[in-house]
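Dumped work.pdb below, it's PDB, C-alpha atoms and all ligand atoms:
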```
ATOM      1  CA  MET A   1     115.011 117.751  84.595  1.00  0.00           C
ATOM      2  CA  THR A   2     114.335 119.174  88.030  1.00  0.00           C
ATOM      3  CA  ILE A   3     115.143 117.181  91.121  1.00  0.00           C
ATOM      4  CA  SER A   4     113.781 118.349  94.489  1.00  0.00           C
ATOM      5  CA  GLY A   5     116.211 119.668  97.097  1.00  0.00           C
ATOM      6  CA  SER A   6     115.761 116.662  99.400  1.00  0.00           C
ATOM      7  CA  ASP A   7     116.955 114.383  96.614  1.00  0.00           C
ATOM      8  CA  MET A   8     120.150 116.337  95.959  1.00  0.00           C
ATOM      9  CA  SER A   9     122.475 113.895  97.690  1.00  0.00           C
ATOM     10  CA  VAL A  10     120.989 110.970  95.779  1.00  0.00           C
ATOM     11  CA  GLU A  11     121.157 112.978  92.584  1.00  0.00           C
ATOM     12  CA  SER A  12     124.772 113.962  93.107  1.00  0.00           C
ATOM     13  CA  VAL A  13     125.789 110.384  93.913  1.00  0.00           C
ATOM     14  CA  VAL A  14     123.993 109.032  90.859  1.00  0.00           C
ATOM     15  CA  ARG A  15     125.435 111.657  88.509  1.00  0.00           C
ATOM     16  CA  ARG A  16     128.952 111.042  89.825  1.00  0.00           C
ATOM     17  CA  VAL A  17     128.579 107.255  89.495  1.00  0.00           C
ATOM     18  CA  VAL A  18     127.277 107.621  85.946  1.00  0.00           C
ATOM     19  CA  ALA A  19     130.212 109.906  85.089  1.00  0.00           C
ATOM     20  CA  ASP A  20     132.573 107.194  86.343  1.00  0.00           C
ATOM     21  CA  HIS A  21     130.957 104.696  83.916  1.00  0.00           C
ATOM     22  CA  ARG A  22     130.359 107.117  81.042  1.00  0.00           C
ATOM     23  CA  ASP A  23     132.444 105.215  78.510  1.00  0.00           C
ATOM     24  CA  GLN A  24     131.098 101.793  79.413  1.00  0.00           C
ATOM     25  CA  ARG A  25     128.661 100.077  77.073  1.00  0.00           C
ATOM     26  CA  GLY A  26     125.542  98.791  78.780  1.00  0.00           C
ATOM     27  CA  ALA A  27     126.364 100.891  81.804  1.00  0.00           C
ATOM     28  CA  LEU A  28     123.035 100.562  83.607  1.00  0.00           C
ATOM     29  CA  LEU A  29     123.814  97.371  85.556  1.00  0.00           C
ATOM     30  CA  PRO A  30     127.277  98.429  86.753  1.00  0.00           C
ATOM     31  CA  VAL A  31     125.900 101.864  87.592  1.00  0.00           C
ATOM     32  CA  LEU A  32     123.084 100.333  89.624  1.00  0.00           C
ATOM     33  CA  HIS A  33     125.550  98.129  91.502  1.00  0.00           C
ATOM     34  CA  ALA A  34     127.738 101.152  92.217  1.00  0.00           C
ATOM     35  CA  VAL A  35     124.768 103.232  93.397  1.00  0.00           C
ATOM     36  CA  GLN A  36     123.705 100.437  95.721  1.00  0.00           C
ATOM     37  CA  ALA A  37     127.265 100.072  97.013  1.00  0.00           C
ATOM     38  CA  GLU A  38     127.294 103.783  97.898  1.00  0.00           C
ATOM     39  CA  LEU A  39     123.755 104.273  99.167  1.00  0.00           C
ATOM     40  CA  GLY A  40     122.956 100.783 100.434  1.00  0.00           C
ATOM     41  CA  HIS A  41     119.990 100.570  98.070  1.00  0.00           C
ATOM     42  CA  VAL A  42     118.659 102.065  94.843  1.00  0.00           C
ATOM     43  CA  PRO A  43     116.199 104.719  96.022  1.00  0.00           C
ATOM     44  CA  GLN A  44     113.166 105.570  93.968  1.00  0.00           C
ATOM     45  CA  GLU A  45     114.452 109.112  93.438  1.00  0.00           C
ATOM     46  CA  ALA A  46     117.519 107.694  91.677  1.00  0.00           C
ATOM     47  CA  ILE A  47     115.426 106.325  88.830  1.00  0.00           C
ATOM     48  CA  PRO A  48     114.614 109.603  87.020  1.00  0.00           C
ATOM     49  CA  VAL A  49     118.227 110.719  87.373  1.00  0.00           C
ATOM     50  CA  LEU A  50     119.482 107.451  85.905  1.00  0.00           C
ATOM     51  CA  ALA A  51     116.973 107.679  83.080  1.00  0.00           C
ATOM     52  CA  ASP A  52     118.094 111.219  82.342  1.00  0.00           C
ATOM     53  CA  GLU A  53     121.800 110.437  82.494  1.00  0.00           C
ATOM     54  CA  LEU A  54     121.628 107.224  80.471  1.00  0.00           C
ATOM     55  CA  ASN A  55     119.018 108.404  77.982  1.00  0.00           C
ATOM     56  CA  LEU A  56     116.595 105.675  78.979  1.00  0.00           C
ATOM     57  CA  SER A  57     112.958 105.790  79.962  1.00  0.00           C
ATOM     58  CA  ARG A  58     112.080 105.706  83.645  1.00  0.00           C
ATOM     59  CA  ALA A  59     110.151 102.505  82.908  1.00  0.00           C
ATOM     60  CA  ASP A  60     113.291 100.886  81.500  1.00  0.00           C
ATOM     61  CA  VAL A  61     115.319 101.725  84.600  1.00  0.00           C
ATOM     62  CA  HIS A  62     112.505 100.730  86.950  1.00  0.00           C
ATOM     63  CA  GLY A  63     112.129  97.440  85.084  1.00  0.00           C
ATOM     64  CA  VAL A  64     115.770  96.535  85.554  1.00  0.00           C
ATOM     65  CA  VAL A  65     115.810  97.534  89.233  1.00  0.00           C
ATOM     66  CA  THR A  66     112.758  95.438  89.986  1.00  0.00           C
ATOM     67  CA  PHE A  67     113.779  92.477  87.808  1.00  0.00           C
ATOM     68  CA  TYR A  68     117.090  91.760  89.536  1.00  0.00           C
ATOM     69  CA  HIS A  69     116.667  90.674  93.138  1.00  0.00           C
ATOM     70  CA  ASP A  70     120.161  91.897  93.959  1.00  0.00           C
ATOM     71  CA  PHE A  71     118.933  95.478  93.889  1.00  0.00           C
ATOM     72  CA  ARG A  72     117.341  96.733  97.081  1.00  0.00           C
ATOM     73  CA  ARG A  73     114.723  99.438  96.814  1.00  0.00           C
ATOM     74  CA  GLU A  74     114.708 100.122 100.539  1.00  0.00           C
ATOM     75  CA  PRO A  75     117.595 100.394 102.991  1.00  0.00           C
ATOM     76  CA  ALA A  76     118.636  97.062 104.470  1.00  0.00           C
ATOM     77  CA  GLY A  77     118.404  96.263 108.153  1.00  0.00           C
ATOM     78  CA  ARG A  78     121.405  96.444 110.459  1.00  0.00           C
ATOM     79  CA  THR A  79     121.911  92.723 109.813  1.00  0.00           C
ATOM     80  CA  THR A  80     121.382  91.158 106.407  1.00  0.00           C
ATOM     81  CA  VAL A  81     120.862  87.394 106.337  1.00  0.00           C
ATOM     82  CA  ARG A  82     120.774  85.561 103.029  1.00  0.00           C
ATOM     83  CA  ILE A  83     119.479  81.991 102.982  1.00  0.00           C
ATOM     84  CA  CYS A  84     120.516  79.791 100.074  1.00  0.00           C
ATOM     85  CA  ARG A  85     117.570  78.034  98.451  1.00  0.00           C
ATOM     86  CA  ALA A  86     119.346  76.456  95.507  1.00  0.00           C
ATOM     87  CA  GLU A  87     119.180  72.732  94.873  1.00  0.00           C
ATOM     88  CA  ALA A  88     122.035  71.436  97.039  1.00  0.00           C
ATOM     89  CA  CYS A  89     120.958  73.472 100.041  1.00  0.00           C
ATOM     90  CA  GLN A  90     117.337  72.514  99.470  1.00  0.00           C
ATOM     91  CA  ALA A  91     118.361  68.861  99.625  1.00  0.00           C
ATOM     92  CA  LEU A  92     120.113  69.522 102.926  1.00  0.00           C
ATOM     93  CA  GLY A  93     117.228  71.279 104.629  1.00  0.00           C
ATOM     94  CA  ALA A  94     117.143  74.918 103.519  1.00  0.00           C
ATOM     95  CA  ASP A  95     113.347  74.853 103.672  1.00  0.00           C
ATOM     96  CA  ARG A  96     113.552  74.340 107.435  1.00  0.00           C
ATOM     97  CA  LEU A  97     115.473  77.593 107.658  1.00  0.00           C
ATOM     98  CA  VAL A  98     112.942  79.447 105.536  1.00  0.00           C
ATOM     99  CA  SER A  99     110.149  78.104 107.739  1.00  0.00           C
ATOM    100  CA  TYR A 100     112.053  79.159 110.837  1.00  0.00           C
ATOM    101  CA  ALA A 101     112.469  82.691 109.492  1.00  0.00           C
ATOM    102  CA  ARG A 102     108.779  82.894 108.652  1.00  0.00           C
ATOM    103  CA  GLU A 103     107.787  81.539 112.062  1.00  0.00           C
ATOM    104  CA  SER A 104     109.974  84.267 113.541  1.00  0.00           C
ATOM    105  CA  GLY A 105     107.770  86.822 111.795  1.00  0.00           C
ATOM    106  CA  LEU A 106     110.198  87.611 108.996  1.00  0.00           C
ATOM    107  CA  THR A 107     109.333  87.775 105.321  1.00  0.00           C
ATOM    108  CA  LEU A 108     111.880  86.880 102.667  1.00  0.00           C
ATOM    109  CA  GLY A 109     112.967  89.959 100.771  1.00  0.00           C
ATOM    110  CA  GLU A 110     111.872  92.348 103.501  1.00  0.00           C
ATOM    111  CA  THR A 111     113.276  94.134 106.514  1.00  0.00           C
ATOM    112  CA  SER A 112     111.807  93.690 109.970  1.00  0.00           C
ATOM    113  CA  ALA A 113     109.658  96.558 111.227  1.00  0.00           C
ATOM    114  CA  ASP A 114     112.311  97.610 113.736  1.00  0.00           C
ATOM    115  CA  GLY A 115     114.974  97.739 111.011  1.00  0.00           C
ATOM    116  CA  SER A 116     117.131  95.161 112.753  1.00  0.00           C
ATOM    117  CA  VAL A 117     117.299  92.488 110.078  1.00  0.00           C
ATOM    118  CA  THR A 118     116.724  91.944 106.371  1.00  0.00           C
ATOM    119  CA  VAL A 119     116.187  88.363 105.211  1.00  0.00           C
ATOM    120  CA  GLU A 120     116.783  87.453 101.600  1.00  0.00           C
ATOM    121  CA  GLN A 121     116.851  84.271  99.575  1.00  0.00           C
ATOM    122  CA  VAL A 122     119.718  83.576  97.233  1.00  0.00           C
ATOM    123  CA  PHE A 123     120.397  80.799  94.804  1.00  0.00           C
ATOM    124  CA  CYS A 124     123.862  79.435  95.573  1.00  0.00           C
ATOM    125  CA  LEU A 125     126.488  80.999  97.750  1.00  0.00           C
ATOM    126  CA  GLY A 126     129.222  78.734  96.401  1.00  0.00           C
ATOM    127  CA  ASN A 127     129.181  76.691  99.601  1.00  0.00           C
ATOM    128  CA  CYS A 128     127.145  73.758  98.309  1.00  0.00           C
ATOM    129  CA  ALA A 129     129.095  70.997 100.078  1.00  0.00           C
ATOM    130  CA  LEU A 130     128.366  72.614 103.440  1.00  0.00           C
ATOM    131  CA  GLY A 131     124.686  73.324 103.012  1.00  0.00           C
ATOM    132  CA  PRO A 132     122.396  74.634 104.105  1.00  0.00           C
ATOM    133  CA  ALA A 133     124.433  77.764 103.562  1.00  0.00           C
ATOM    134  CA  VAL A 134     123.635  81.183 104.956  1.00  0.00           C
ATOM    135  CA  GLU A 135     125.458  84.471 104.636  1.00  0.00           C
ATOM    136  CA  ALA A 136     125.121  87.061 107.382  1.00  0.00           C
ATOM    137  CA  ASN A 137     126.564  90.534 106.863  1.00  0.00           C
ATOM    138  CA  GLY A 138     128.926  89.137 104.261  1.00  0.00           C
ATOM    139  CA  ARG A 139     130.163  86.199 106.350  1.00  0.00           C
ATOM    140  CA  LEU A 140     129.434  82.699 105.090  1.00  0.00           C
ATOM    141  CA  TYR A 141     128.101  79.953 107.345  1.00  0.00           C
ATOM    142  CA  GLY A 142     127.657  76.280 106.472  1.00  0.00           C
ATOM    143  CA  ARG A 143     125.533  73.454 107.856  1.00  0.00           C
ATOM    144  CA  VAL A 144     123.247  76.012 109.394  1.00  0.00           C
ATOM    145  CA  GLY A 145     120.410  74.763 111.528  1.00  0.00           C
ATOM    146  CA  PRO A 146     117.545  76.716 113.012  1.00  0.00           C
ATOM    147  CA  ALA A 147     119.459  77.496 116.230  1.00  0.00           C
ATOM    148  CA  ARG A 148     122.320  79.099 114.390  1.00  0.00           C
ATOM    149  CA  LEU A 149     119.961  80.880 112.022  1.00  0.00           C
ATOM    150  CA  GLY A 150     118.199  82.298 115.063  1.00  0.00           C
ATOM    151  CA  SER A 151     121.443  83.690 116.404  1.00  0.00           C
ATOM    152  CA  LEU A 152     122.283  85.177 113.005  1.00  0.00           C
ATOM    153  CA  LEU A 153     118.854  86.775 112.707  1.00  0.00           C
ATOM    154  CA  ASN A 154     119.323  88.279 116.155  1.00  0.00           C
ATOM    155  CA  GLY A 155     122.641  89.757 115.046  1.00  0.00           C
ATOM    156  CA  THR A 156     124.466  87.664 117.642  1.00  0.00           C
ATOM    157  CA  PRO A 157     126.263  84.896 115.756  1.00  0.00           C
ATOM    158  CA  ASN A 158     127.082  82.120 118.181  1.00  0.00           C
ATOM    159  CA  GLU A 159     130.076  80.176 116.939  1.00  0.00           C
ATOM    160  CA  THR A 160     129.420  77.319 119.371  1.00  0.00           C
ATOM    161  CA  LEU A 161     126.134  76.360 117.715  1.00  0.00           C
ATOM    162  CA  ASP A 162     125.820  73.744 115.005  1.00  0.00           C
ATOM    163  CA  GLY A 163     127.365  74.538 111.697  1.00  0.00           C
ATOM    164  CA  THR A 164     130.588  75.470 110.037  1.00  0.00           C
ATOM    165  CA  VAL A 165     131.930  78.936 109.472  1.00  0.00           C
ATOM    166  CA  SER A 166     133.471  79.278 106.058  1.00  0.00           C
ATOM    167  CA  ALA A 167     136.176  81.809 105.350  1.00  0.00           C
TER     168      ALA A 167
HETATM  169  S1  LIG B 201     123.364  75.406  96.598  1.00  0.00           S
HETATM  170 FE1  LIG B 201     123.526  76.516  98.447  1.00  0.00          FE
HETATM  171  S2  LIG B 201     125.566  77.218  98.434  1.00  0.00           S
HETATM  172 FE2  LIG B 201     125.329  76.252  96.515  1.00  0.00          FE
END
```
How would this structure read if it were set down as structure tokens?
Amino acid sequence: MTISGSDMSVESVVRRVVADHRDQRGALLPVLHAVQAELGHVPQEAIPVLADELNLSRADVHGVVTFYHDFRREPAGRTTVRICRAEACQALGADRLVSYARESGLTLGETSADGSVTVEQVFCLGNCALGPAVEANGRLYGRVGPARLGSLLNGTPNETLDGTVSA
């Protein structure tokens, strides 16, 4: 297989990650997680390399990448905000947060045009008793209201707003 010169860094990362998982059965998922950990997302140009290395079809790899919402196909924004929409958080008002994000011009699963923030939905952050729960750049927040969500979306978490910060 020939990979274009501009894809060489992606190709080298993918081939190295695959080599690290060579002896693992069902390596595609752990390889995809490792690629995303290194590159911040799973770029389109990684798919033919993965197919080649793992002896899968490109369609198989593409299908897995697009099926699991954990895999990003585009780089994330400078701030990543994940809103929990599972049952407990729904009961405590998570829909208000989703509406607030939408009213702010943000689309779940996408990055703002200026690259400042990516908003995602998740289904349980393990913080059910303190819902609605939101995670921002890996930090967990509980009892989040629209005001705090706004500060998180702006990349300026304000600890004095409503809500509880969980460790
Ligand atoms: S349901 Fe939202 S953290 Fe568990």
Listed atoms of ligand LIG 201 (chain B) boxed axis-aligned with 5 Å per side, centre + edges as AutoDock Vina command-line options:
```
--center_x 124.5 --center_y 76.3 --center_z 97.5 --size_x 12.2 --size_y 11.8 --size_z 11.9
```
Near-ligand residues for ligand LIG 201 (chain B), threshold 8 Å, all atoms listed in the file, as a PDB file with C-alpha atoms, in the frame of the given file:
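Saved file part.pdb follows:
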```pdb
ATOM      1  CA  CYS A  84     120.516  79.791 100.074  1.00  0.00           C
ATOM      2  CA  ARG A  85     117.570  78.034  98.451  1.00  0.00           C
ATOM      3  CA  ALA A  86     119.346  76.456  95.507  1.00  0.00           C
ATOM      4  CA  GLU A  87     119.180  72.732  94.873  1.00  0.00           C
ATOM      5  CA  ALA A  88     122.035  71.436  97.039  1.00  0.00           C
ATOM      6  CA  CYS A  89     120.958  73.472 100.041  1.00  0.00           C
ATOM      7  CA  GLN A  90     117.337  72.514  99.470  1.00  0.00           C
ATOM      8  CA  PHE A 123     120.397  80.799  94.804  1.00  0.00           C
ATOM      9  CA  CYS A 124     123.862  79.435  95.573  1.00  0.00           C
ATOM     10  CA  LEU A 125     126.488  80.999  97.750  1.00  0.00           C
ATOM     11  CA  GLY A 126     129.222  78.734  96.401  1.00  0.00           C
ATOM     12  CA  ASN A 127     129.181  76.691  99.601  1.00  0.00           C
ATOM     13  CA  CYS A 128     127.145  73.758  98.309  1.00  0.00           C
ATOM     14  CA  ALA A 129     129.095  70.997 100.078  1.00  0.00           C
ATOM     15  CA  LEU A 130     128.366  72.614 103.440  1.00  0.00           C
ATOM     16  CA  GLY A 131     124.686  73.324 103.012  1.00  0.00           C
ATOM     17  CA  PRO A 132     122.396  74.634 104.105  1.00  0.00           C
ATOM     18  CA  ALA A 133     124.433  77.764 103.562  1.00  0.00           C
ATOM     19  CA  VAL A 134     123.635  81.183 104.956  1.00  0.00           C
TER      20      VAL A 134
END
```
Step by step: start from the point (121.7, 76.9, 110.4) in the file's coordinates, keep every protein, DNA or RNA residue that has an atom no farther than 7 Å from it, count all atoms listed in the file, and write the set as a count of residues only.
11
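When CA of Glu74 in chain A is paired with CA of Ala34 in chain A, their separation reads 15.5 Å.
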Residue neighbourhood Val14 in chain A, 8 Å, only C-alpha atoms, exclusion window fewer than 5 positions, as a PyMOL selection string:
chain A and resi 35+46+49-50
Measuring atom to atom with all atoms listed in the file, identify which of A:Val117, A:Ala91, A:Val18, A:Leu39 is nearest to Ser104 in chain A.
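Closest residue, counting all atoms listed in the file: A:Val117.
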Counting only C-alpha atoms, the residue among A:Arg102, A:Arg96, A:Arg82, A:His69 that lies closest to Leu152 in chain A is A:Arg82
Would you list the contacts of Arg15 in chain A as a PyMOL selection string, taking every protein, DNA or RNA residue within 12 Å and counting only C-alpha atoms, but skipping same-chain residues closer than 4 positions in sequence?
chain A and resi 3+8-11+19-22+31-32+34-35+46-54
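Residues in contact with Arg72 in chain A at up to 8 Å, not including ones fewer than 3 positions away on its chain and judged by all atoms listed in the file, are Gln36, Gly40, His41, Val42, His69, Pro75 and Ala76 of chain A.
With distances restricted to all atoms listed in the file, A:Gly115 is the closest residue to Gly155 in chain A from A:Gly105, A:Gly63, A:Gly26, A:Gly115.
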Straight-line distance linking CA of Asp60 in chain A with CA of Ile83 in chain A, stated in Å to one decimal
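Answer for the CA of Asp60 in chain A to CA of Ile83 in chain A separation: 29.3 Å.
Using all atoms listed in the file, the nearest neighbour of Leu153 in chain A within the list A:Asp95, A:Glu135, A:Glu45, A:Glu38 is A:Glu135.
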Can you rebuild range 16-39 of chain A with N, CA, C and O atoms and give it as a PDB file, in the coordinates of the input?
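The result, stored in selection-v6.pdb:
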```pdb
ATOM      1  N   ARG A  16     127.518 111.339  89.729  1.00  0.00           N
ATOM      2  CA  ARG A  16     128.952 111.042  89.825  1.00  0.00           C
ATOM      3  C   ARG A  16     129.234 109.597  89.407  1.00  0.00           C
ATOM      4  O   ARG A  16     130.177 109.322  88.665  1.00  0.00           O
ATOM      5  N   VAL A  17     128.379 108.672  89.856  1.00  0.00           N
ATOM      6  CA  VAL A  17     128.579 107.255  89.495  1.00  0.00           C
ATOM      7  C   VAL A  17     128.447 107.086  87.977  1.00  0.00           C
ATOM      8  O   VAL A  17     129.252 106.393  87.344  1.00  0.00           O
ATOM      9  N   VAL A  18     127.451 107.730  87.405  1.00  0.00           N
ATOM     10  CA  VAL A  18     127.277 107.621  85.946  1.00  0.00           C
ATOM     11  C   VAL A  18     128.506 108.186  85.236  1.00  0.00           C
ATOM     12  O   VAL A  18     129.004 107.592  84.267  1.00  0.00           O
ATOM     13  N   ALA A  19     129.018 109.308  85.719  1.00  0.00           N
ATOM     14  CA  ALA A  19     130.212 109.906  85.089  1.00  0.00           C
ATOM     15  C   ALA A  19     131.383 108.926  85.131  1.00  0.00           C
ATOM     16  O   ALA A  19     132.165 108.839  84.173  1.00  0.00           O
ATOM     17  N   ASP A  20     131.481 108.173  86.219  1.00  0.00           N
ATOM     18  CA  ASP A  20     132.573 107.194  86.343  1.00  0.00           C
ATOM     19  C   ASP A  20     132.437 106.049  85.334  1.00  0.00           C
ATOM     20  O   ASP A  20     133.411 105.341  85.069  1.00  0.00           O
ATOM     21  N   HIS A  21     131.205 105.814  84.843  1.00  0.00           N
ATOM     22  CA  HIS A  21     130.957 104.696  83.916  1.00  0.00           C
ATOM     23  C   HIS A  21     130.585 105.203  82.524  1.00  0.00           C
ATOM     24  O   HIS A  21     130.053 104.456  81.712  1.00  0.00           O
ATOM     25  N   ARG A  22     130.843 106.476  82.267  1.00  0.00           N
ATOM     26  CA  ARG A  22     130.359 107.117  81.042  1.00  0.00           C
ATOM     27  C   ARG A  22     130.766 106.371  79.774  1.00  0.00           C
ATOM     28  O   ARG A  22     130.004 106.276  78.821  1.00  0.00           O
ATOM     29  N   ASP A  23     131.949 105.841  79.741  1.00  0.00           N
ATOM     30  CA  ASP A  23     132.444 105.215  78.510  1.00  0.00           C
ATOM     31  C   ASP A  23     132.112 103.728  78.415  1.00  0.00           C
ATOM     32  O   ASP A  23     132.517 103.063  77.462  1.00  0.00           O
ATOM     33  N   GLN A  24     131.387 103.228  79.369  1.00  0.00           N
ATOM     34  CA  GLN A  24     131.098 101.793  79.413  1.00  0.00           C
ATOM     35  C   GLN A  24     129.818 101.485  78.649  1.00  0.00           C
ATOM     36  O   GLN A  24     128.788 102.137  78.851  1.00  0.00           O
ATOM     37  N   ARG A  25     129.881 100.497  77.785  1.00  0.00           N
ATOM     38  CA  ARG A  25     128.661 100.077  77.073  1.00  0.00           C
ATOM     39  C   ARG A  25     127.761  99.333  78.043  1.00  0.00           C
ATOM     40  O   ARG A  25     128.249  98.607  78.906  1.00  0.00           O
ATOM     41  N   GLY A  26     126.467  99.475  77.884  1.00  0.00           N
ATOM     42  CA  GLY A  26     125.542  98.791  78.780  1.00  0.00           C
ATOM     43  C   GLY A  26     125.799  99.143  80.231  1.00  0.00           C
ATOM     44  O   GLY A  26     125.904  98.271  81.095  1.00  0.00           O
ATOM     45  N   ALA A  27     125.908 100.444  80.489  1.00  0.00           N
ATOM     46  CA  ALA A  27     126.364 100.891  81.804  1.00  0.00           C
ATOM     47  C   ALA A  27     125.328 100.740  82.913  1.00  0.00           C
ATOM     48  O   ALA A  27     125.681 100.834  84.082  1.00  0.00           O
ATOM     49  N   LEU A  28     124.063 100.513  82.571  1.00  0.00           N
ATOM     50  CA  LEU A  28     123.035 100.562  83.607  1.00  0.00           C
ATOM     51  C   LEU A  28     123.310  99.591  84.760  1.00  0.00           C
ATOM     52  O   LEU A  28     123.239  99.986  85.924  1.00  0.00           O
ATOM     53  N   LEU A  29     123.603  98.332  84.468  1.00  0.00           N
ATOM     54  CA  LEU A  29     123.814  97.371  85.556  1.00  0.00           C
ATOM     55  C   LEU A  29     125.008  97.747  86.438  1.00  0.00           C
ATOM     56  O   LEU A  29     124.866  97.796  87.661  1.00  0.00           O
ATOM     57  N   PRO A  30     126.176  98.026  85.860  1.00  0.00           N
ATOM     58  CA  PRO A  30     127.277  98.429  86.753  1.00  0.00           C
ATOM     59  C   PRO A  30     126.992  99.719  87.512  1.00  0.00           C
ATOM     60  O   PRO A  30     127.399  99.862  88.663  1.00  0.00           O
ATOM     61  N   VAL A  31     126.258 100.627  86.892  1.00  0.00           N
ATOM     62  CA  VAL A  31     125.900 101.864  87.592  1.00  0.00           C
ATOM     63  C   VAL A  31     124.974 101.555  88.764  1.00  0.00           C
ATOM     64  O   VAL A  31     125.150 102.069  89.876  1.00  0.00           O
ATOM     65  N   LEU A  32     123.999 100.687  88.540  1.00  0.00           N
ATOM     66  CA  LEU A  32     123.084 100.333  89.624  1.00  0.00           C
ATOM     67  C   LEU A  32     123.834  99.658  90.778  1.00  0.00           C
ATOM     68  O   LEU A  32     123.576  99.942  91.950  1.00  0.00           O
ATOM     69  N   HIS A  33     124.762  98.764  90.439  1.00  0.00           N
ATOM     70  CA  HIS A  33     125.550  98.129  91.502  1.00  0.00           C
ATOM     71  C   HIS A  33     126.360  99.173  92.271  1.00  0.00           C
ATOM     72  O   HIS A  33     126.464  99.117  93.504  1.00  0.00           O
ATOM     73  N   ALA A  34     126.924 100.124  91.554  1.00  0.00           N
ATOM     74  CA  ALA A  34     127.738 101.152  92.217  1.00  0.00           C
ATOM     75  C   ALA A  34     126.873 102.067  93.086  1.00  0.00           C
ATOM     76  O   ALA A  34     127.273 102.449  94.189  1.00  0.00           O
ATOM     77  N   VAL A  35     125.683 102.406  92.592  1.00  0.00           N
ATOM     78  CA  VAL A  35     124.768 103.232  93.397  1.00  0.00           C
ATOM     79  C   VAL A  35     124.390 102.488  94.669  1.00  0.00           C
ATOM     80  O   VAL A  35     124.406 103.047  95.772  1.00  0.00           O
ATOM     81  N   GLN A  36     124.087 101.207  94.535  1.00  0.00           N
ATOM     82  CA  GLN A  36     123.705 100.437  95.721  1.00  0.00           C
ATOM     83  C   GLN A  36     124.879 100.310  96.685  1.00  0.00           C
ATOM     84  O   GLN A  36     124.695 100.365  97.901  1.00  0.00           O
ATOM     85  N   ALA A  37     126.087 100.165  96.141  1.00  0.00           N
ATOM     86  CA  ALA A  37     127.265 100.072  97.013  1.00  0.00           C
ATOM     87  C   ALA A  37     127.443 101.367  97.810  1.00  0.00           C
ATOM     88  O   ALA A  37     127.842 101.336  98.976  1.00  0.00           O
ATOM     89  N   GLU A  38     127.110 102.491  97.207  1.00  0.00           N
ATOM     90  CA  GLU A  38     127.294 103.783  97.898  1.00  0.00           C
ATOM     91  C   GLU A  38     126.147 104.112  98.834  1.00  0.00           C
ATOM     92  O   GLU A  38     126.359 104.646  99.915  1.00  0.00           O
ATOM     93  N   LEU A  39     124.924 103.839  98.400  1.00  0.00           N
ATOM     94  CA  LEU A  39     123.755 104.273  99.167  1.00  0.00           C
ATOM     95  C   LEU A  39     123.111 103.145  99.970  1.00  0.00           C
ATOM     96  O   LEU A  39     122.219 103.401 100.776  1.00  0.00           O
TER      97      LEU A  39
END
```
